[in-house]
Amino acid sequence: MSEISAEQVAHLANLARIALTEEEIEHLTKELGQIMHAVEQVNQVATPDVPPTSHPIPMQNVFRDDVVGQTLTAEEALAGAPESDGSRFVVSAILGEEQ
Amino acid sequence: MSEHLIRLTASELGAKLAAGEVSSVEATRAHLDRIAAVDGAVHAFLHVEGERAIATAAEVDRRRAAGDELGPLAGVPIAIKDVLVTKGMPSTAGSRILEGWIPPYDATPVRKVREAGLIPLGKTNMDEFAMGSSTEHSAYGPTYNPWDLERIPGGSGGGSAASVAAFEAPLALGSDTGGSIRQPAHVTGTVGVKPTYGAVSRYGSIALASSLDQVGPVTRTVLDAALLHDVIGGHDPLDSTSIPEPWPSMAEAVRRADVSGLRIGVVKELDSDGFQAGVRSRFHEALALLERNGAEIVEVSAPNFEYAIAAYYLILPAEASSNLAKFDSVRFGLRVTPDGGGTVEQVMSATREAGFGAEVKRRIILGTYALSAGYYDAYYGSAQKVRTLVQRDFDAAFTKVDVLATPTAPTTAFKLGEKLDDPLAMYLNDVATIPANLAGVPGISVPAGLAPEDGLPVGIQFLAPARADARLYNVGGALEQLLLAEWGAPLLDRAPDLSRHELTATEEGAL
Amino acid sequence: MARAELMDFDKALELFEPVIGLEVHVELNTKTKMFSAAPNPANSEFHVAEPNTLITPVCIGLPGSLPVVNGEAVQYSISLGLALGCSIAPSSRFARKNYFYPDLAKNYQISQYDEPIAFDGSVEVELENGRTFTVPIERAHMEEDAGKLTHVGGSTGRIQGAEYSLVDYNRAGVPLVEIVTRPIFGGEADTPALARAYVSTIRDIVLSLGISEARMERGNLRCDANVSLRPRGQEQLGTRTETKNVNSMRSVERAVRHEIQRQAAILANGGTITQETRHWHEDTGTTSAGRPKSDADDYRYFPEPDLLPVVPTPELIEHLRAALPEPPAVRRRRLKAEWGFTDLDFQGVANSGLLIEVAETVAAGASPQAARKWWTGEIARLANSSDQDASSLVTPAQVAELAQLVDAGTLTDRLARQVLEGVVAGEGSPKEIVESRGLAVVSDDGALIAAIDDALAAQPDVLAKIRDGKVQAAGAVIGAVMKAMHGKADAARVRELVLERASGDGS
């Protein structure tokens, strides 16, 4: 289980949208193998009878009233944009399909 | 005078400001001068407000003169870890991917600090996206430990701890996901607190691991930390995980500090000979001192703490891989277009490749793996179970004792570069601090002395049940007073005089 | 793009059993978005807005921003779940669905995965031919909408060939409820109609709950249709495709029908169906292939750490259940009784999918017959000829106003049809159009008499013929008067006046 292959790392890099170099993939494959081996030990105690905890402080039903709050102006929203036409964010051509 | 001003605690400075003995402009100027003098050597700051801080200070002076009611820290300068979003001030999270980004809004803790009249001095250095224990992973170069400039100041909040240890700021804001406030406190001889998860709003803290992150105070004294904690704590409707109930005053807990009858549990598994000898001896001496003054020392066991690092290094990367997906060149931050152009997917990938450092990429890939189809149960799912077990260990221990005690970290400050090639070795720095983040309980690191073998600072960590943050200020405040009585002067008085670096700094035209 | 081969529909049904699964996304019309206090463009108050003006840091995923759940949207979702006959989860939580796309501000969507708010329900759907179906609902869950992309450059405004794209995040974060059916069997030849009727029923439900504007042409209601064919006699289900961009009721029906025919042709030729997302093109009435479903769809779901579980109290659920409006089937029976239509007339309304529109028009003051006449008559005709849904052309309030103008004698039927065209064209309300176009029926007898005089002068022997008993002769005069008045006269009144003249003096 701790064996992680370079192909897997390349696939993960694609999922995570990071254009890793060949060298980085090779390096990471080795490192991640070591790390996975170390962290796998969680399975020694994570038995079926133990429930998972996703929130350290249990709370529930945290809601907001349906009231309009403070908004940003379009200028503020676009201020950090690498490219905009003054009204919308500009991105280059999209390869994939809409979800 | 300015040398004297920067040596005051925040509480002392606040009192002098209130008494009219000094103006906020003077105090702020003194600290800006100190930054100019020594930060070339320390490199705690990524951004300094300069004249804008003076203007903010002048406004507070004006309000005070007009008779406005001001809090105890009004007019006191403060440094802010660059993980916190600040309106009008660059916020980089130590990364190239956010270089030059100026947020259009303030993080809630920053807003509260401004409203309380504190004077933001600037933004401090950190490991990129808070991933690290040494600040060596900052994209803008490391910060240097004021005790020994060849050593790390801890991480990820090395900049905040160093700024306070170097007297560049009386206090600072930090964030702690696995020890990023407490471990730097330990290696710099300062005080650092990770509040109960949800005690301080995370709104505006650039997210690393959403279920682990918490913002907290970085100071030279326990009272200063408590005063700052009182300012930044409290419910925030903008953070759903923020605890709704009101809190007692932490400053009061310090002022009434008394450990008679306090039951302190020593965690057996973290009192091991894997820890540096000097770290352990200072730890036990501090406990003995508390015992002589009325505390009861008990041994407790937390058998699942052994798995905490493993669980942490599954949960954190998983959540971080999702939290960092927003850095994609579209709405803010860096955009890198491949030669000849490219699709938006290619631009995203090129941007993230160029904008993220090695440690960040490592953890994103690890996290993506831990969450991916077929692996979730074995990795992320299992890690969340370990979190349950760690919480159970804490719950069981706290039926027997009021607080737990451990050394804050296994070693004193190591040399820069020493652990960079071995990620796993670096991760082990957090073995004592991580359990608190997993369980959501609060923790404090208080200076316990210097290790005899290397003369470097050692901290002692106390942990309390969730929502019982006041207990930390009680025991921390009490210990601090007892040690001060033994030492005759604060520990930081023994830190090397950085002013001999001033010449070098000004020659290099620093800041 | 080569036109796909299509098998004749009836032939396809002989060889294959169509199985469909429908996913409907409903945009809720709360004032604010699902996870932020930004104004919600799916609420008609904020529908018209400049790009990127309905924004908080949360909407554009600024570093440090955090979601907070809109309590009203949760209540709307629970009500919808109850109206769908679902069980409400005692504990429900949000999850992150991770993927990269420029319209997704955080590159993850906050949705629900393993603990949806509602599950295991069913909806009664009635087809035009009277068949009723029970459509099984697997789940309904809460999530947020994505922003809007506009593709620039290239020839078609579609992704393929576009040079660059523009992103508007106003819609990012709009509250959505996604309703997912279980596979629907047994539709047979009625399957396309069933799909349409189901979507129409969902629309009825959300409109009667008042939780969505439900205007498909605005994207308030969106349908993705999954279609597969099972060869007769085979156990195993066929491979399914998912068709998106189905933007109207008629598109739902057409797209399902088309996919059945397309897949049948491939399978009959010995080919296999690729599991993929397809894109419906209303203009050509075809689907085209999108991205094949692949590993890229590893969404890496995990519980949303920034949000806490939703644990509806039994009291809340009962309170919402008690407030539910009557189910569509019950309402149908009630309206039928109230309106007193013949079976045929009522069926005509129900089949047109305009029951709510007719009901709202009656509520706005029109008579049931007038409402029925307008919606299933002229409005439906206009909708058909422009390939749009009738409900998108005109509102019940406007129709009621129109009917009132006819009742009051201000308009004749014919004039009213002109006014209707003006309303559809966006010229304003019926009253405004009557004013601006000067279409009111002339009600001043004096003007009519003057016109009658003119007409009689041109046809002097008409009066004599009428007195002789040839009443039909009046028609010529009436016609002439109507022409002279440009139709702005009540023909019946003109006739009265002509006959009065004939029976009156001899001048």
# chains A, B, ... in the order shown; residues from 1 in each chain; ligands from 1
$ closest_atom_pairs --of "chain A" --to "chain C" --cutoff "10 Å" --atoms "only C-alpha atoms" --output "Markdown table"
| residue | atom | partner | partner_atom | distance |
| --- | --- | --- | --- | --- |
| A:His11 | CA | C:Asp295 | CA | 9.1 |
| A:Asn14 | CA | C:Ala296 | CA | 8.7 |
| A:Leu15 | CA | C:Ala296 | CA | 6.8 |
| A:Ala16 | CA | C:Phe100 | CA | 8.2 |
| A:Arg17 | CA | C:Phe100 | CA | 7.8 |
| A:Ser54 | CA | C:Pro305 | CA | 6.6 |
| A:His55 | CA | C:Pro305 | CA | 6.4 |
| A:Pro56 | CA | C:Pro305 | CA | 9.6 |
| A:Ile57 | CA | C:Leu308 | CA | 9.8 |
| A:Pro58 | CA | C:Leu308 | CA | 8.1 |
| A:Met59 | CA | C:Leu308 | CA | 6.3 |
| A:Gln60 | CA | C:Pro309 | CA | 5.1 |
| A:Asn61 | CA | C:Val310 | CA | 5.0 |
| A:Val62 | CA | C:Leu308 | CA | 6.5 |
| A:Phe63 | CA | C:Gly71 | CA | 4.9 |
| A:Arg64 | CA | C:Asn70 | CA | 5.0 |
| A:Asp65 | CA | C:Gly71 | CA | 6.0 |
| A:Asp66 | CA | C:Thr32 | CA | 5.7 |
| A:Val67 | CA | C:Thr32 | CA | 6.4 |
| A:Val68 | CA | C:Ala37 | CA | 5.0 |
| A:Gly69 | CA | C:Ala37 | CA | 4.9 |
| A:Gln70 | CA | C:Thr56 | CA | 7.1 |
| A:Thr71 | CA | C:Thr56 | CA | 4.8 |
| A:Leu72 | CA | C:Thr56 | CA | 5.4 |
| A:Thr73 | CA | C:Thr53 | CA | 5.8 |
| A:Ala74 | CA | C:Thr53 | CA | 5.0 |
| A:Glu75 | CA | C:Asn52 | CA | 8.7 |
| A:Glu76 | CA | C:Ile55 | CA | 9.6 |
| A:Ala77 | CA | C:Asn52 | CA | 7.1 |
| A:Leu78 | CA | C:Asn52 | CA | 8.1 |
| A:Gly80 | CA | C:Leu62 | CA | 9.7 |
| A:Glu83 | CA | C:Leu166 | CA | 9.9 |
| A:Ser84 | CA | C:Leu166 | CA | 8.2 |
| A:Asp85 | CA | C:Leu166 | CA | 8.4 |
| A:Gly86 | CA | C:Pro51 | CA | 9.8 |
| A:Ser87 | CA | C:Pro51 | CA | 6.0 |
| A:Arg88 | CA | C:Val167 | CA | 5.4 |
| A:Phe89 | CA | C:Val167 | CA | 5.0 |
| A:Val90 | CA | C:Leu166 | CA | 4.8 |
| A:Val91 | CA | C:Ser165 | CA | 5.3 |
| A:Ser92 | CA | C:Tyr164 | CA | 4.3 |
| A:Ala93 | CA | C:Tyr164 | CA | 4.4 |
| A:Ile94 | CA | C:Ile159 | CA | 6.6 |
| A:Leu95 | CA | C:Ile159 | CA | 7.7 |
| A:Gly96 | CA | C:Arg291 | CA | 6.7 |
| A:Glu97 | CA | C:Arg291 | CA | 6.0 |
| A:Glu98 | CA | C:Tyr101 | CA | 8.0 |
| A:Gln99 | CA | C:Tyr101 | CA | 8.4 |
$ write_last_selection --atoms "N, CA and C atoms" --output "tab-separated table (two decimals), in the first residue's frame"
chain	number	residue	atom	x	y	z
A	11	HIS	N	-0.35	11.46	-12.30
A	11	HIS	CA	-1.81	11.57	-12.34
A	11	HIS	C	-2.31	12.54	-11.28
A	14	ASN	N	-1.76	16.04	-12.15
A	14	ASN	CA	-2.75	16.51	-13.11
A	14	ASN	C	-4.05	16.87	-12.40
A	15	LEU	N	-4.48	16.01	-11.50
A	15	LEU	CA	-5.69	16.30	-10.72
A	15	LEU	C	-5.55	17.60	-9.96
A	16	ALA	N	-4.34	17.85	-9.48
A	16	ALA	CA	-4.09	19.04	-8.64
A	16	ALA	C	-3.64	20.24	-9.47
A	17	ARG	N	-3.64	20.08	-10.77
A	17	ARG	CA	-3.25	21.15	-11.68
A	17	ARG	C	-1.90	21.77	-11.31
A	54	SER	N	-14.66	14.71	12.24
A	54	SER	CA	-14.23	15.70	11.26
A	54	SER	C	-14.17	17.11	11.85
A	55	HIS	N	-14.89	17.34	12.95
A	55	HIS	CA	-14.86	18.66	13.58
A	55	HIS	C	-14.42	18.51	15.03
A	56	PRO	N	-13.31	19.16	15.42
A	56	PRO	CA	-12.81	18.94	16.78
A	56	PRO	C	-13.77	19.41	17.89
A	57	ILE	N	-14.50	20.50	17.63
A	57	ILE	CA	-15.43	21.01	18.63
A	57	ILE	C	-16.85	20.78	18.09
A	58	PRO	N	-17.58	19.85	18.69
A	58	PRO	CA	-18.89	19.52	18.12
A	58	PRO	C	-19.88	20.67	18.26
A	59	MET	N	-20.46	21.07	17.13
A	59	MET	CA	-21.53	22.06	17.14
A	59	MET	C	-22.47	21.65	16.01
A	60	GLN	N	-23.66	22.25	15.99
A	60	GLN	CA	-24.57	21.94	14.88
A	60	GLN	C	-25.50	23.10	14.64
A	61	ASN	N	-26.16	23.06	13.50
A	61	ASN	CA	-27.16	24.08	13.15
A	61	ASN	C	-26.63	25.50	13.27
A	62	VAL	N	-25.53	25.78	12.64
A	62	VAL	CA	-25.00	27.14	12.62
A	62	VAL	C	-25.48	27.80	11.35
A	63	PHE	N	-26.37	28.76	11.50
A	63	PHE	CA	-27.00	29.38	10.33
A	63	PHE	C	-26.89	30.89	10.38
A	64	ARG	N	-27.19	31.46	9.24
A	64	ARG	CA	-27.17	32.91	9.05
A	64	ARG	C	-28.57	33.31	8.61
A	65	ASP	N	-29.05	34.48	9.07
A	65	ASP	CA	-30.34	34.99	8.59
A	65	ASP	C	-30.24	35.39	7.13
A	66	ASP	N	-31.33	35.29	6.42
A	66	ASP	CA	-31.36	35.59	4.99
A	66	ASP	C	-31.42	37.11	4.75
A	67	VAL	N	-30.36	37.78	5.18
A	67	VAL	CA	-30.32	39.24	5.09
A	67	VAL	C	-29.07	39.64	4.32
A	68	VAL	N	-29.24	40.56	3.35
A	68	VAL	CA	-28.09	40.99	2.55
A	68	VAL	C	-27.07	41.69	3.44
A	69	GLY	N	-25.79	41.32	3.27
A	69	GLY	CA	-24.71	41.90	4.07
A	69	GLY	C	-23.85	42.84	3.24
A	70	GLN	N	-22.65	43.08	3.73
A	70	GLN	CA	-21.77	44.00	3.03
A	70	GLN	C	-21.15	43.33	1.81
A	71	THR	N	-21.25	43.98	0.66
A	71	THR	CA	-20.69	43.39	-0.56
A	71	THR	C	-19.46	44.17	-1.00
A	72	LEU	N	-18.70	43.56	-1.90
A	72	LEU	CA	-17.58	44.25	-2.53
A	72	LEU	C	-18.09	44.95	-3.78
A	73	THR	N	-17.48	46.05	-4.17
A	73	THR	CA	-17.82	46.64	-5.45
A	73	THR	C	-17.13	45.81	-6.52
A	74	ALA	N	-17.58	45.95	-7.76
A	74	ALA	CA	-16.94	45.20	-8.85
A	74	ALA	C	-15.46	45.57	-8.90
A	75	GLU	N	-15.17	46.84	-8.64
A	75	GLU	CA	-13.78	47.29	-8.69
A	75	GLU	C	-12.94	46.55	-7.66
A	76	GLU	N	-13.49	46.44	-6.44
A	76	GLU	CA	-12.76	45.73	-5.39
A	76	GLU	C	-12.60	44.26	-5.75
A	77	ALA	N	-13.68	43.68	-6.29
A	77	ALA	CA	-13.64	42.25	-6.64
A	77	ALA	C	-12.59	41.99	-7.72
A	78	LEU	N	-12.48	42.92	-8.68
A	78	LEU	CA	-11.58	42.71	-9.80
A	78	LEU	C	-10.16	43.21	-9.53
A	80	GLY	N	-7.70	42.42	-7.71
A	80	GLY	CA	-6.56	41.52	-7.68
A	80	GLY	C	-6.40	40.70	-8.95
A	83	GLU	N	-6.01	39.49	-14.98
A	83	GLU	CA	-6.52	40.10	-16.20
A	83	GLU	C	-8.03	40.28	-16.10
A	84	SER	N	-8.49	41.50	-16.41
A	84	SER	CA	-9.93	41.71	-16.42
A	84	SER	C	-10.27	42.72	-17.49
A	85	ASP	N	-11.53	42.77	-17.90
A	85	ASP	CA	-11.93	43.77	-18.88
A	85	ASP	C	-12.66	44.91	-18.18
A	86	GLY	N	-12.45	45.02	-16.90
A	86	GLY	CA	-13.08	46.08	-16.11
A	86	GLY	C	-14.41	45.65	-15.54
A	87	SER	N	-14.95	44.57	-16.10
A	87	SER	CA	-16.26	44.10	-15.65
A	87	SER	C	-16.24	42.62	-15.31
A	88	ARG	N	-15.43	41.88	-16.01
A	88	ARG	CA	-15.33	40.45	-15.75
A	88	ARG	C	-13.88	39.98	-15.77
A	89	PHE	N	-13.64	38.81	-15.13
A	89	PHE	CA	-12.31	38.21	-15.11
A	89	PHE	C	-12.07	37.58	-16.48
A	90	VAL	N	-10.83	37.71	-16.96
A	90	VAL	CA	-10.50	37.15	-18.27
A	90	VAL	C	-9.62	35.93	-18.09
A	91	VAL	N	-10.00	34.83	-18.75
A	91	VAL	CA	-9.15	33.63	-18.75
A	91	VAL	C	-8.97	33.17	-20.18
A	92	SER	N	-7.89	32.44	-20.43
A	92	SER	CA	-7.66	31.96	-21.79
A	92	SER	C	-8.58	30.79	-22.09
A	93	ALA	N	-8.53	30.34	-23.32
A	93	ALA	CA	-9.48	29.34	-23.80
A	93	ALA	C	-9.53	28.12	-22.90
A	94	ILE	N	-10.74	27.60	-22.73
A	94	ILE	CA	-10.95	26.48	-21.83
A	94	ILE	C	-10.99	25.18	-22.63
A	95	LEU	N	-10.25	24.19	-22.12
A	95	LEU	CA	-10.18	22.92	-22.84
A	95	LEU	C	-11.37	22.03	-22.52
A	96	GLY	N	-11.66	21.94	-21.19
A	96	GLY	CA	-12.67	20.99	-20.75
A	96	GLY	C	-14.09	21.48	-20.96
A	97	GLU	N	-15.07	20.61	-20.71
A	97	GLU	CA	-16.48	20.96	-20.86
A	97	GLU	C	-17.02	21.52	-19.55
A	98	GLU	N	-18.11	22.26	-19.66
A	98	GLU	CA	-18.80	22.70	-18.44
A	98	GLU	C	-19.25	21.48	-17.67
A	99	GLN	N	-19.25	21.60	-16.36
A	99	GLN	CA	-19.71	20.50	-15.49
A	99	GLN	C	-21.23	20.42	-15.49
$ select_by_dssp --residues "chain A" --states "strand (DSSP E)" --output "VMD selection string"
chain A and resid 63 to 64 89 to 92
$ write_last_selection --atoms "N, CA and C atoms" --output "compact mmCIF listing (two decimals), in the first residue's frame"
# COMPACT_ATOMS: atom_id res chain seq x y z
N PHE A 63 -26.37 28.76 11.50
CA PHE A 63 -27.00 29.38 10.33
C PHE A 63 -26.89 30.89 10.38
N ARG A 64 -27.19 31.46 9.24
CA ARG A 64 -27.17 32.91 9.05
C ARG A 64 -28.57 33.31 8.61
N PHE A 89 -13.64 38.81 -15.13
CA PHE A 89 -12.31 38.21 -15.11
C PHE A 89 -12.07 37.58 -16.48
N VAL A 90 -10.83 37.71 -16.96
CA VAL A 90 -10.50 37.15 -18.27
C VAL A 90 -9.62 35.93 -18.09
N VAL A 91 -10.00 34.83 -18.75
CA VAL A 91 -9.15 33.63 -18.75
C VAL A 91 -8.97 33.17 -20.18
N SER A 92 -7.89 32.44 -20.43
CA SER A 92 -7.66 31.96 -21.79
C SER A 92 -8.58 30.79 -22.09
$ closest_residue --among "C:Leu28, C:Ile110, C:Glu318, C:Ala12" --to "chain B" --atoms "only C-alpha atoms"
C:Ile110
$ residues_around --residues "A:Asn43" --least-positions-apart "5" --cutoff "9 Å" --atoms "only C-alpha atoms" --output "JSON, numbers by chain"
{"B": [378, 379, 382, 383, 386]}
$ closest_residue --among "B:Lys415, B:Arg202, B:Arg52, B:Lys385" --to "chain C" --atoms "only C-alpha atoms"
B:Arg202
